[in-house]
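A.B. asks: One file: final.pdb (PDB, C-alpha atoms and all ligand atoms).
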MODEL        1
ATOM      1  CA  MET A   1      23.197  50.843  44.915
ATOM      2  CA  GLY A   2      26.912  50.200  44.972
ATOM      3  CA  ILE A   3      27.973  48.871  41.573
ATOM      4  CA  GLY A   4      31.202  47.037  40.744
ATOM      5  CA  ILE A   5      32.369  46.463  37.168
ATOM      6  CA  VAL A   6      34.556  43.475  36.317
ATOM      7  CA  GLY A   7      36.707  44.103  33.250
ATOM      8  CA  CYS A   8      36.286  47.883  33.471
ATOM      9  CA  ALA A   9      38.917  48.525  30.784
ATOM     10  CA  GLY A  10      37.113  46.442  28.138
ATOM     11  CA  ARG A  11      34.869  47.830  25.373
ATOM     12  CA  MET A  12      31.706  47.156  27.396
ATOM     13  CA  GLY A  13      33.369  47.771  30.766
ATOM     14  CA  LYS A  14      34.206  51.358  29.823
ATOM     15  CA  ARG A  15      30.679  52.104  28.659
ATOM     16  CA  LEU A  16      29.276  50.539  31.858
ATOM     17  CA  VAL A  17      31.465  52.828  33.965
ATOM     18  CA  ALA A  18      30.495  55.864  31.869
ATOM     19  CA  ILE A  19      26.759  55.160  32.060
ATOM     20  CA  ALA A  20      26.762  54.109  35.734
ATOM     21  CA  SER A  21      28.574  57.352  36.579
ATOM     22  CA  GLU A  22      25.633  59.374  35.260
ATOM     23  CA  THR A  23      22.755  57.116  36.381
ATOM     24  CA  SER A  24      20.831  58.130  39.478
ATOM     25  CA  GLY A  25      20.252  55.517  42.147
ATOM     26  CA  CYS A  26      23.710  54.014  41.884
ATOM     27  CA  HIS A  27      27.360  54.750  42.546
ATOM     28  CA  LEU A  28      30.506  52.935  41.435
ATOM     29  CA  THR A  29      32.276  51.109  44.244
ATOM     30  CA  GLY A  30      35.034  49.592  42.115
ATOM     31  CA  GLY A  31      36.260  48.090  38.889
ATOM     32  CA  THR A  32      38.730  45.335  38.088
ATOM     33  CA  VAL A  33      41.117  44.624  35.249
ATOM     34  CA  ARG A  34      43.063  41.498  34.358
ATOM     35  CA  SER A  35      46.031  40.949  36.683
ATOM     36  CA  GLY A  36      49.164  42.562  35.279
ATOM     37  CA  SER A  37      47.110  44.887  33.060
ATOM     38  CA  GLU A  38      48.645  48.300  32.387
ATOM     39  CA  ALA A  39      45.266  49.786  33.384
ATOM     40  CA  SER A  40      45.717  48.504  36.953
ATOM     41  CA  GLY A  41      45.668  51.337  39.514
ATOM     42  CA  ARG A  42      44.333  53.894  37.025
ATOM     43  CA  ASP A  43      41.126  55.809  37.722
ATOM     44  CA  ILE A  44      38.167  53.921  36.231
ATOM     45  CA  GLY A  45      36.497  57.171  35.092
ATOM     46  CA  GLU A  46      39.638  58.251  33.261
ATOM     47  CA  LEU A  47      39.879  54.819  31.631
ATOM     48  CA  ALA A  48      36.278  55.242  30.475
ATOM     49  CA  GLY A  49      36.944  58.756  29.172
ATOM     50  CA  VAL A  50      34.510  60.465  31.544
ATOM     51  CA  GLY A  51      37.033  62.136  33.857
ATOM     52  CA  ARG A  52      38.249  61.263  37.330
ATOM     53  CA  LEU A  53      35.780  59.357  39.537
ATOM     54  CA  GLY A  54      38.151  58.742  42.458
ATOM     55  CA  VAL A  55      37.951  54.937  42.088
ATOM     56  CA  ALA A  56      41.091  53.020  41.105
ATOM     57  CA  ALA A  57      40.980  49.919  38.887
ATOM     58  CA  GLY A  58      41.953  46.935  41.018
ATOM     59  CA  GLU A  59      42.936  43.336  40.361
ATOM     60  CA  SER A  60      41.041  41.621  43.183
ATOM     61  CA  ALA A  61      37.632  40.344  42.191
ATOM     62  CA  ALA A  62      37.026  39.294  45.828
ATOM     63  CA  ASP A  63      37.470  42.927  46.978
ATOM     64  CA  LEU A  64      35.112  44.089  44.243
ATOM     65  CA  PHE A  65      32.387  41.679  45.404
ATOM     66  CA  ARG A  66      32.977  42.523  49.052
ATOM     67  CA  HIS A  67      32.255  46.238  48.506
ATOM     68  CA  ALA A  68      29.489  46.195  45.890
ATOM     69  CA  ASP A  69      25.742  45.474  46.164
ATOM     70  CA  VAL A  70      25.777  44.218  42.581
ATOM     71  CA  VAL A  71      28.580  43.357  40.179
ATOM     72  CA  ILE A  72      28.320  43.532  36.389
ATOM     73  CA  ASP A  73      30.422  41.143  34.282
ATOM     74  CA  PHE A  74      31.149  41.556  30.556
ATOM     75  CA  THR A  75      34.445  39.670  30.362
ATOM     76  CA  THR A  76      35.223  36.058  29.467
ATOM     77  CA  PRO A  77      33.407  32.795  30.235
ATOM     78  CA  ALA A  78      36.166  31.697  32.650
ATOM     79  CA  ALA A  79      35.968  34.969  34.590
ATOM     80  CA  ALA A  80      32.148  34.858  34.649
ATOM     81  CA  GLU A  81      32.280  31.368  36.181
ATOM     82  CA  GLU A  82      34.688  32.506  38.919
ATOM     83  CA  ASN A  83      32.506  35.537  39.553
ATOM     84  CA  ALA A  84      29.464  33.332  40.062
ATOM     85  CA  ASP A  85      31.245  31.682  43.014
ATOM     86  CA  LEU A  86      32.302  35.044  44.426
ATOM     87  CA  ALA A  87      28.750  36.407  44.141
ATOM     88  CA  ALA A  88      27.431  33.481  46.191
ATOM     89  CA  THR A  89      30.259  33.716  48.740
ATOM     90  CA  HIS A  90      29.875  37.461  49.322
ATOM     91  CA  ALA A  91      26.061  37.599  48.957
ATOM     92  CA  THR A  92      26.407  40.095  46.108
ATOM     93  CA  ALA A  93      23.952  40.218  43.207
ATOM     94  CA  LEU A  94      25.448  39.503  39.774
ATOM     95  CA  VAL A  95      24.593  40.593  36.232
ATOM     96  CA  VAL A  96      26.384  38.658  33.478
ATOM     97  CA  GLY A  97      26.424  39.731  29.841
ATOM     98  CA  THR A  98      29.446  37.667  28.840
ATOM     99  CA  THR A  99      28.728  35.316  25.932
ATOM    100  CA  GLY A 100      30.252  32.044  24.747
ATOM    101  CA  LEU A 101      29.563  30.267  28.070
ATOM    102  CA  ALA A 102      29.768  26.459  28.097
ATOM    103  CA  GLU A 103      26.825  24.583  29.642
ATOM    104  CA  SER A 104      28.869  23.934  32.814
ATOM    105  CA  GLN A 105      29.547  27.656  33.129
ATOM    106  CA  LYS A 106      25.857  28.477  32.756
ATOM    107  CA  THR A 107      25.191  25.881  35.436
ATOM    108  CA  ALA A 108      27.651  27.696  37.721
ATOM    109  CA  LEU A 109      25.605  30.885  37.244
ATOM    110  CA  ALA A 110      22.371  29.042  37.961
ATOM    111  CA  GLU A 111      23.959  27.561  41.111
ATOM    112  CA  ALA A 112      24.876  31.044  42.333
ATOM    113  CA  GLY A 113      21.269  31.997  41.579
ATOM    114  CA  ARG A 114      20.211  29.671  44.410
ATOM    115  CA  LYS A 115      21.876  32.043  46.865
ATOM    116  CA  VAL A 116      21.708  35.534  45.281
ATOM    117  CA  PRO A 117      19.915  37.248  42.384
ATOM    118  CA  VAL A 118      21.788  36.476  39.150
ATOM    119  CA  VAL A 119      20.700  37.996  35.842
ATOM    120  CA  TYR A 120      22.206  36.354  32.777
ATOM    121  CA  ALA A 121      21.462  37.558  29.260
ATOM    122  CA  PRO A 122      23.533  37.147  26.114
ATOM    123  CA  ASN A 123      21.880  40.341  24.921
ATOM    124  CA  MET A 124      20.739  43.136  27.228
ATOM    125  CA  SER A 125      18.923  45.321  24.680
ATOM    126  CA  LEU A 126      15.165  45.840  24.737
ATOM    127  CA  GLY A 127      14.965  45.378  20.953
ATOM    128  CA  VAL A 128      16.659  41.981  20.887
ATOM    129  CA  ASN A 129      14.599  40.696  23.805
ATOM    130  CA  LEU A 130      11.442  41.720  21.938
ATOM    131  CA  LEU A 131      12.818  40.101  18.785
ATOM    132  CA  SER A 132      13.305  36.882  20.709
ATOM    133  CA  LEU A 133       9.646  36.944  21.824
ATOM    134  CA  LEU A 134       8.498  37.547  18.237
ATOM    135  CA  VAL A 135      10.701  34.736  16.917
ATOM    136  CA  GLU A 136       9.199  32.347  19.457
ATOM    137  CA  ARG A 137       5.638  33.325  18.433
ATOM    138  CA  VAL A 138       6.336  33.057  14.700
ATOM    139  CA  ALA A 139       8.065  29.683  15.098
ATOM    140  CA  GLU A 140       5.021  28.480  17.022
ATOM    141  CA  ALA A 141       2.706  29.576  14.200
ATOM    142  CA  LEU A 142       4.702  28.071  11.320
ATOM    143  CA  ASP A 143       5.386  24.397  10.711
ATOM    144  CA  GLU A 144       8.505  22.657   9.396
ATOM    145  CA  ASP A 145       7.652  23.699   5.829
ATOM    146  CA  PHE A 146       9.362  26.901   6.903
ATOM    147  CA  ASP A 147      13.148  26.621   7.173
ATOM    148  CA  ILE A 148      14.591  28.716   9.997
ATOM    149  CA  GLU A 149      17.975  30.414   9.536
ATOM    150  CA  VAL A 150      19.663  32.773  12.004
ATOM    151  CA  LEU A 151      22.154  35.270  10.565
ATOM    152  CA  GLU A 152      24.471  37.519  12.532
ATOM    153  CA  MET A 153      27.259  40.015  11.910
ATOM    154  CA  HIS A 154      29.670  41.513  14.449
ATOM    155  CA  HIS A 155      32.908  43.511  14.560
ATOM    156  CA  ARG A 156      36.242  41.883  13.764
ATOM    157  CA  HIS A 157      37.286  41.587  17.443
ATOM    158  CA  LYS A 158      34.485  39.255  18.530
ATOM    159  CA  VAL A 159      35.916  35.936  19.741
ATOM    160  CA  ASP A 160      32.903  33.577  19.876
ATOM    161  CA  ALA A 161      30.612  32.343  17.091
ATOM    162  CA  PRO A 162      27.733  32.094  16.500
ATOM    163  CA  SER A 163      27.048  35.046  18.803
ATOM    164  CA  GLY A 164      25.332  34.386  22.126
ATOM    165  CA  THR A 165      22.376  36.352  20.796
ATOM    166  CA  ALA A 166      22.150  34.245  17.630
ATOM    167  CA  LEU A 167      22.120  31.099  19.760
ATOM    168  CA  ALA A 168      19.478  32.603  22.066
ATOM    169  CA  LEU A 169      17.343  33.435  19.010
ATOM    170  CA  GLY A 170      17.837  29.837  17.842
ATOM    171  CA  GLU A 171      16.683  28.685  21.297
ATOM    172  CA  ALA A 172      13.617  30.922  21.036
ATOM    173  CA  ALA A 173      12.763  29.473  17.605
ATOM    174  CA  ALA A 174      13.266  25.919  18.898
ATOM    175  CA  ARG A 175      11.083  26.613  21.929
ATOM    176  CA  GLY A 176       8.332  28.010  19.701
ATOM    177  CA  ARG A 177       8.513  24.941  17.482
ATOM    178  CA  GLY A 178       8.663  22.590  20.453
ATOM    179  CA  ILE A 179      12.018  21.025  19.556
ATOM    180  CA  ASP A 180      15.455  20.775  21.159
ATOM    181  CA  LEU A 181      17.957  23.172  19.547
ATOM    182  CA  GLU A 182      20.920  20.877  20.296
ATOM    183  CA  GLN A 183      19.344  18.167  18.130
ATOM    184  CA  HIS A 184      18.465  20.500  15.263
ATOM    185  CA  ALA A 185      21.168  23.190  15.140
ATOM    186  CA  GLN A 186      23.254  23.385  11.965
ATOM    187  CA  ARG A 187      25.977  25.752  13.170
ATOM    188  CA  VAL A 188      28.426  25.474  10.263
ATOM    189  CA  ARG A 189      28.132  24.544   6.579
ATOM    190  CA  ASP A 190      31.134  23.888   4.365
ATOM    191  CA  GLY A 191      31.775  21.760   1.271
ATOM    192  CA  VAL A 192      29.285  19.232  -0.096
ATOM    193  CA  THR A 193      26.730  19.361   2.652
ATOM    194  CA  GLY A 194      23.837  17.710   0.813
ATOM    195  CA  PRO A 195      20.363  19.231   0.859
ATOM    196  CA  ARG A 196      19.078  21.074   3.884
ATOM    197  CA  LYS A 197      17.645  18.776   6.551
ATOM    198  CA  ARG A 198      13.973  19.446   7.215
ATOM    199  CA  GLY A 199      13.429  20.941  10.661
ATOM    200  CA  ASP A 200      17.009  22.104  11.142
ATOM    201  CA  ILE A 201      17.748  25.574  12.487
ATOM    202  CA  GLY A 202      20.727  26.983  10.573
ATOM    203  CA  PHE A 203      23.250  29.618  11.628
ATOM    204  CA  ALA A 204      25.446  31.901   9.542
ATOM    205  CA  THR A 205      28.164  34.132  10.977
ATOM    206  CA  LEU A 206      29.756  37.239   9.461
ATOM    207  CA  ARG A 207      32.657  39.146  11.041
ATOM    208  CA  GLY A 208      34.078  42.492  10.006
ATOM    209  CA  GLY A 209      34.826  46.129  10.729
ATOM    210  CA  ASP A 210      33.155  47.807  13.667
ATOM    211  CA  VAL A 211      29.642  46.315  13.398
ATOM    212  CA  VAL A 212      28.150  46.460  16.918
ATOM    213  CA  GLY A 213      25.660  43.632  16.299
ATOM    214  CA  GLU A 214      23.130  42.641  13.636
ATOM    215  CA  HIS A 215      20.795  39.659  13.828
ATOM    216  CA  SER A 216      18.052  38.382  11.586
ATOM    217  CA  VAL A 217      15.895  35.302  11.730
ATOM    218  CA  VAL A 218      14.585  34.082   8.393
ATOM    219  CA  PHE A 219      11.563  31.814   7.989
ATOM    220  CA  ALA A 220      11.709  30.579   4.384
ATOM    221  CA  THR A 221       9.345  28.332   2.461
ATOM    222  CA  THR A 222       8.448  27.841  -1.176
ATOM    223  CA  GLY A 223       7.225  31.148  -2.542
ATOM    224  CA  GLU A 224       7.618  33.323   0.536
ATOM    225  CA  ARG A 225      10.056  34.390   3.221
ATOM    226  CA  LEU A 226       9.503  36.191   6.506
ATOM    227  CA  GLU A 227      12.454  38.001   8.102
ATOM    228  CA  LEU A 228      12.683  39.519  11.587
ATOM    229  CA  ALA A 229      15.749  41.650  12.167
ATOM    230  CA  HIS A 230      17.498  43.844  14.727
ATOM    231  CA  LYS A 231      20.461  46.150  14.213
ATOM    232  CA  SER A 232      22.504  47.704  17.028
ATOM    233  CA  SER A 233      24.492  50.793  16.152
ATOM    234  CA  ASP A 234      25.647  51.698  19.666
ATOM    235  CA  ARG A 235      26.865  49.348  22.429
ATOM    236  CA  ASP A 236      25.368  51.719  25.011
ATOM    237  CA  ILE A 237      22.053  49.873  24.565
ATOM    238  CA  PHE A 238      23.679  46.824  26.192
ATOM    239  CA  ALA A 239      25.313  48.876  28.942
ATOM    240  CA  ARG A 240      22.019  50.640  29.762
ATOM    241  CA  GLY A 241      20.224  47.285  29.804
ATOM    242  CA  ALA A 242      22.855  45.832  32.148
ATOM    243  CA  LEU A 243      22.537  48.829  34.489
ATOM    244  CA  LYS A 244      18.768  48.469  34.446
ATOM    245  CA  ALA A 245      19.195  44.784  35.364
ATOM    246  CA  ALA A 246      21.644  45.700  38.144
ATOM    247  CA  LEU A 247      19.213  48.204  39.693
ATOM    248  CA  TRP A 248      16.348  45.726  39.244
ATOM    249  CA  THR A 249      18.101  43.180  41.521
ATOM    250  CA  LYS A 250      17.577  45.485  44.514
ATOM    251  CA  GLY A 251      15.317  43.708  46.997
ATOM    252  CA  LYS A 252      14.944  40.651  44.726
ATOM    253  CA  GLY A 253      15.295  37.201  46.253
ATOM    254  CA  ALA A 254      17.792  34.623  45.049
ATOM    255  CA  GLY A 255      17.056  33.458  41.522
ATOM    256  CA  PHE A 256      18.455  32.891  38.053
ATOM    257  CA  TYR A 257      16.812  35.633  36.008
ATOM    258  CA  SER A 258      16.785  36.707  32.367
ATOM    259  CA  MET A 259      16.290  40.063  30.671
ATOM    260  CA  ARG A 260      12.685  39.026  30.031
ATOM    261  CA  ASP A 261      12.208  39.114  33.822
ATOM    262  CA  VAL A 262      13.939  42.493  34.086
ATOM    263  CA  LEU A 263      11.927  44.020  31.237
ATOM    264  CA  GLY A 264       8.676  42.373  32.324
ATOM    265  CA  LEU A 265       8.187  40.795  28.879
TER     266      LEU A 265
HETATM  267  P1  LIG A 301      36.598  43.191  25.542
HETATM  268  O1  LIG A 301      37.619  42.169  25.171
HETATM  269  O2  LIG A 301      36.750  44.572  24.993
HETATM  270  O3  LIG A 301      36.502  43.338  27.146
HETATM  271  C1  LIG A 301      36.625  42.279  28.047
HETATM  272  C2  LIG A 301      37.515  42.779  29.170
HETATM  273  O4  LIG A 301      37.473  41.866  30.247
HETATM  274  C3  LIG A 301      38.986  42.917  28.733
HETATM  275  O5  LIG A 301      39.435  44.228  29.065
HETATM  276  C4  LIG A 301      39.695  41.860  29.585
HETATM  277  O6  LIG A 301      41.008  42.234  29.929
HETATM  278  C5  LIG A 301      38.793  41.808  30.797
HETATM  279  N1  LIG A 301      38.915  40.600  31.596
HETATM  280  C6  LIG A 301      38.990  39.320  31.203
HETATM  281  N2  LIG A 301      39.117  38.507  32.262
HETATM  282  C7  LIG A 301      39.128  39.299  33.360
HETATM  283  C8  LIG A 301      39.231  39.053  34.750
HETATM  284  N3  LIG A 301      39.359  37.805  35.228
HETATM  285  N4  LIG A 301      39.189  40.105  35.594
HETATM  286  C9  LIG A 301      39.053  41.363  35.128
HETATM  287  N5  LIG A 301      38.966  41.667  33.804
HETATM  288  C10 LIG A 301      38.996  40.636  32.948
HETATM  289  O7  LIG A 301      35.198  42.566  25.126
HETATM  290  P2  LIG A 301      33.757  43.272  25.036
HETATM  291  O8  LIG A 301      33.460  43.657  23.616
HETATM  292  O9  LIG A 301      33.639  44.319  26.104
HETATM  293  O10 LIG A 301      32.806  42.047  25.359
HETATM  294  C11 LIG A 301      32.917  41.330  26.576
HETATM  295  C12 LIG A 301      31.878  40.211  26.597
HETATM  296  O11 LIG A 301      30.560  40.774  26.608
HETATM  297  C13 LIG A 301      31.911  39.288  25.377
HETATM  298  O12 LIG A 301      31.605  37.980  25.792
HETATM  299  C14 LIG A 301      30.803  39.832  24.497
HETATM  300  O13 LIG A 301      30.278  38.885  23.603
HETATM  301  C15 LIG A 301      29.795  40.210  25.561
HETATM  302  N6  LIG A 301      28.771  41.180  25.146
HETATM  303  C16 LIG A 301      27.518  40.959  25.604
HETATM  304  C17 LIG A 301      26.522  41.865  25.336
HETATM  305  C18 LIG A 301      25.160  41.659  25.950
HETATM  306  O14 LIG A 301      24.241  42.460  25.715
HETATM  307  N7  LIG A 301      24.986  40.631  26.773
HETATM  308  C19 LIG A 301      26.785  42.987  24.560
HETATM  309  C20 LIG A 301      28.088  43.198  24.099
HETATM  310  C21 LIG A 301      29.100  42.293  24.414
ENDMDL
END
Take the structure in this file and express it as structure tokens.
Ligand code: NAD

C.D. replies:
Amino acid sequence: MGIGIVGCAGRMGKRLVAIASETSGCHLTGGTVRSGSEASGRDIGELAGVGRLGVAAGESAADLFRHADVVIDFTTPAAAEENADLAATHATALVVGTTGLAESQKTALAEAGRKVPVVYAPNMSLGVNLLSLLVERVAEALDEDFDIEVLEMHHRHKVDAPSGTALALGEAAARGRGIDLEQHAQRVRDGVTGPRKRGDIGFATLRGGDVVGEHSVVFATTGERLELAHKSSDRDIFARGALKAALWTKGKGAGFYSMRDVLGL
């Protein structure tokens, strides 16, 4: 399959290029960088540190979509939204790992999913997708006597909070409990907050250093506490997951898919 990488000079973009270059069943048809970027025109393999691949980083997302069978996006919410339109226009499958999307931007992805296969997952790792299943089951088994808190830590460069994965774990807990996360999320606490509201799902965010991604979901009641946790030490798990999703779209009909679909969970 011909694979295009949007944002190929980013942290994830470089790892996607590196891993795609050594994965059988696919070849890189292009990569884009932000317009005016100093990486523009440079070889995408050299940018990724894997040697020359003979593909230059471009600035035209439309060209990228025109030449690829599937495009992978780990960029910004605004770019992901534009890419959803391009995927539909050029009949190119799309895999989006970008986090921090507003509801309207998720809707744009779902709209594109009416015309082409679109896989969207705020976390592409097998471990986190299993964690999400476990969280849903545990939340289903425990009642509101158990307070649910979602903790996450990421590197100092991360721009959105709580992480997309933390929010997805909150969604999984809410689904298990049969409630709406929007109505019960406590995303920030500061000052005199008063006692914890029964049934709320709390979030806590830590930022620092080079932490790739750590998430835990705590179920706490009087006298006992259950914690489910996942720690990522290498962002290649996300890149491999995204590549797996990209290859999985081959022959799939239009649809708005998740990593649970890709992994058959
Ligand atoms: P990064 O800032 O290192 O990389 C993003 C790159 O996208 C930058 O190089 C930027 O210049 C480029 N970019 C932005 N707009 C563009 C456009 N219109 N065209 C081309 N390039 C454009 O960030 P990162 O650490 O690689 O993370 C990127 C996103 O992926 C974030 O939202 C992050 O939270 C998410 N992420 C998701 C997963 C997952 O498993 N789903 C894992 C890790 C990171």

A.B. asks: Using all atoms listed in the file, which residues of the polymer chains come no farther than 6 Å from ligand LIG 301 (chain A)? I'd like the answer as a ChimeraX atom specification.

C.D. replies: /A:6-7,9-13,32-34,74-76,79,97-99,121-124,238

A.B. asks: Of the residues A:Ile179, A:Val188, A:Leu131, A:Val118, which is the one nearest to Ala242 (chain A), using only C-alpha atoms?

C.D. replies: A:Val118

A.B. asks: Excluding Ala18 (chain A) and its own-chain neighbours fewer than 6 positions away, which residues fall within 12 Å of it when counting all atoms listed in the file? Please give them as a CSV table (one decimal) with C-alpha atoms, in the frame of the given file.

C.D. replies:
chain,number,residue,atom,x,y,z
A,5,ILE,CA,32.4,46.5,37.2
A,8,CYS,CA,36.3,47.9,33.5
A,9,ALA,CA,38.9,48.5,30.8
A,11,ARG,CA,34.9,47.8,25.4
A,12,MET,CA,31.7,47.2,27.4
A,27,HIS,CA,27.4,54.8,42.5
A,28,LEU,CA,30.5,52.9,41.4
A,31,GLY,CA,36.3,48.1,38.9
A,44,ILE,CA,38.2,53.9,36.2
A,45,GLY,CA,36.5,57.2,35.1
A,46,GLU,CA,39.6,58.3,33.3
A,47,LEU,CA,39.9,54.8,31.6
A,48,ALA,CA,36.3,55.2,30.5
A,49,GLY,CA,36.9,58.8,29.2
A,50,VAL,CA,34.5,60.5,31.5
A,51,GLY,CA,37.0,62.1,33.9
A,52,ARG,CA,38.2,61.3,37.3
A,53,LEU,CA,35.8,59.4,39.5
A,236,ASP,CA,25.4,51.7,25.0
A,239,ALA,CA,25.3,48.9,28.9
A,240,ARG,CA,22.0,50.6,29.8
A,243,LEU,CA,22.5,48.8,34.5

A.B. asks: Separation of CA of Val135 (chain A) and CA of Arg207 (chain A), in Å?

C.D. replies: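 These atoms are spaced 23.2 Å apart.
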
A.B. asks: When distances are computed from all atoms listed in the file, which of A:Ala68, A:Ala141, A:Ala62, A:Leu109 shows the smallest separation from Leu86 (chain A)?

C.D. replies: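 Among the listed residues, the smallest separation from Leu86 (chain A) belongs to A:Ala62.
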
A.B. asks: What lies within 9 Å of region 212-217 of chain A using all atoms listed in the file, ignoring chain neighbours under 6 positions off, as JSON, numbers by chain?

C.D. replies: {"A": [128, 135, 148, 149, 150, 151, 152, 153, 154, 155, 165, 166, 169, 170, 173, 226, 227, 228, 229, 230, 231, 232, 233, 234, 235]}

A.B. asks: Mind dumping the selected residues with C-alpha atoms as a compact mmCIF listing (two decimals), in the coordinates of the input?

C.D. replies:
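result-v7.txt written:
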# COMPACT_ATOMS: atom_id res chain seq x y z
CA VAL A 128 16.66 41.98 20.89
CA VAL A 135 10.70 34.74 16.92
CA ILE A 148 14.59 28.72 10.00
CA GLU A 149 17.98 30.41 9.54
CA VAL A 150 19.66 32.77 12.00
CA LEU A 151 22.15 35.27 10.56
CA GLU A 152 24.47 37.52 12.53
CA MET A 153 27.26 40.02 11.91
CA HIS A 154 29.67 41.51 14.45
CA HIS A 155 32.91 43.51 14.56
CA THR A 165 22.38 36.35 20.80
CA ALA A 166 22.15 34.24 17.63
CA LEU A 169 17.34 33.44 19.01
CA GLY A 170 17.84 29.84 17.84
CA ALA A 173 12.76 29.47 17.60
CA LEU A 226 9.50 36.19 6.51
CA GLU A 227 12.45 38.00 8.10
CA LEU A 228 12.68 39.52 11.59
CA ALA A 229 15.75 41.65 12.17
CA HIS A 230 17.50 43.84 14.73
CA LYS A 231 20.46 46.15 14.21
CA SER A 232 22.50 47.70 17.03
CA SER A 233 24.49 50.79 16.15
CA ASP A 234 25.65 51.70 19.67
CA ARG A 235 26.86 49.35 22.43

A.B. asks: Using only C-alpha atoms for the distances, tell me which of A:Lys14, A:Arg42, A:Lys158, A:His184 is nearest to Val211 (chain A).

C.D. replies: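 Closest candidate: A:Lys158.
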
A.B. asks: Show which residues sit within 10 Å of Leu181 (chain A), as a list in words. Count only C-alpha atoms, and ignore same-chain residues fewer than 2 positions away.

C.D. replies: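 Neighbouring residues, sequence-local ones excluded: Leu167, Ala168, Gly170, Glu171, Ala172, Ala173, Ala174, Arg175, Arg177, Gly178, Ile179, Gln183, His184, Ala185, Gln186, Asp200 and Ile201 of chain A.
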
A.B. asks: Using all atoms listed in the file, can you tell me which of A:Gly209, A:Gly223, A:Gly202, A:Gly58 comes closest to Gly36 (chain A)?

C.D. replies: A:Gly58

A.B. asks: Using CA of Lys244 (chain A) and CA of Leu263 (chain A) as the two end points, give the distance in Å to one decimal.

C.D. replies: 8.8 Å

A.B. asks: For Lys197 (chain A), which residue out of A:Asp43, A:Glu38, A:Asp261, A:Glu144 is the nearest one, using all atoms listed in the file?

C.D. replies: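 Comparing A:Asp43, A:Glu38, A:Asp261, A:Glu144 against Lys197 (chain A), the winner is A:Glu144.
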
A.B. asks: Mind pulling up the distance from CA of Ala220 (chain A) to CA of Phe203 (chain A)?

C.D. replies: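 Taking CA of Phe203 (chain A) and CA of Ala220 (chain A), their separation equals 13.7 Å.
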
A.B. asks: On this structure, the PyMOL selection byres (((chain A and resi 24) around 12) and not hetatm) would catch which residues? List them as a PyMOL selection string, sorted by chain and number.

C.D. replies: chain A and resi 1-3+19-23+25-28+243-244+247

A.B. asks: Care to translate the PyMOL selection byres (((chain A and resi 81) around 10) and not hetatm) into actual residues of this file, as a list in words?

C.D. replies: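 Applied to this file, the PyMOL selection byres (((chain A and resi 81) around 10) and not hetatm) selects Thr76, Pro77, Ala78, Ala79, Ala80, Glu82, Asn83, Ala84, Asp85, Leu86, Val96, Leu101, Ala102, Ser104, Gln105, Lys106, Thr107, Ala108, Leu109 and Ala112 of chain A.
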
A.B. asks: Neighbouring residues of Val71 (chain A) were defined as those with any atom within 7 Å, considering all atoms listed in the file; residues of the same chain fewer than 5 positions away were excluded. Please report them as number ranges by chain.

C.D. replies: A: 3-5, 65, 93-95

A.B. asks: Check which residues satisfy the PyMOL selection byres (((chain A and resi 252) around 12) and not hetatm) in the file shown, then give them as a list in words.

C.D. replies: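 Checked against the file, the PyMOL selection byres (((chain A and resi 252) around 12) and not hetatm) matches Asp69, Val70, Thr92, Ala93, Leu94, Gly113, Lys115, Val116, Pro117, Val118, Val119, Ala245, Ala246, Leu247, Trp248, Thr249, Lys250, Gly251, Gly253, Ala254, Gly255, Phe256, Tyr257, Asp261 and Val262 of chain A.
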
A.B. asks: Find, counting only C-alpha atoms, the residue in A:Thr193, A:His90, A:Gly164, A:Gly176 that gets nearest to Leu64 (chain A).

C.D. replies: A:His90
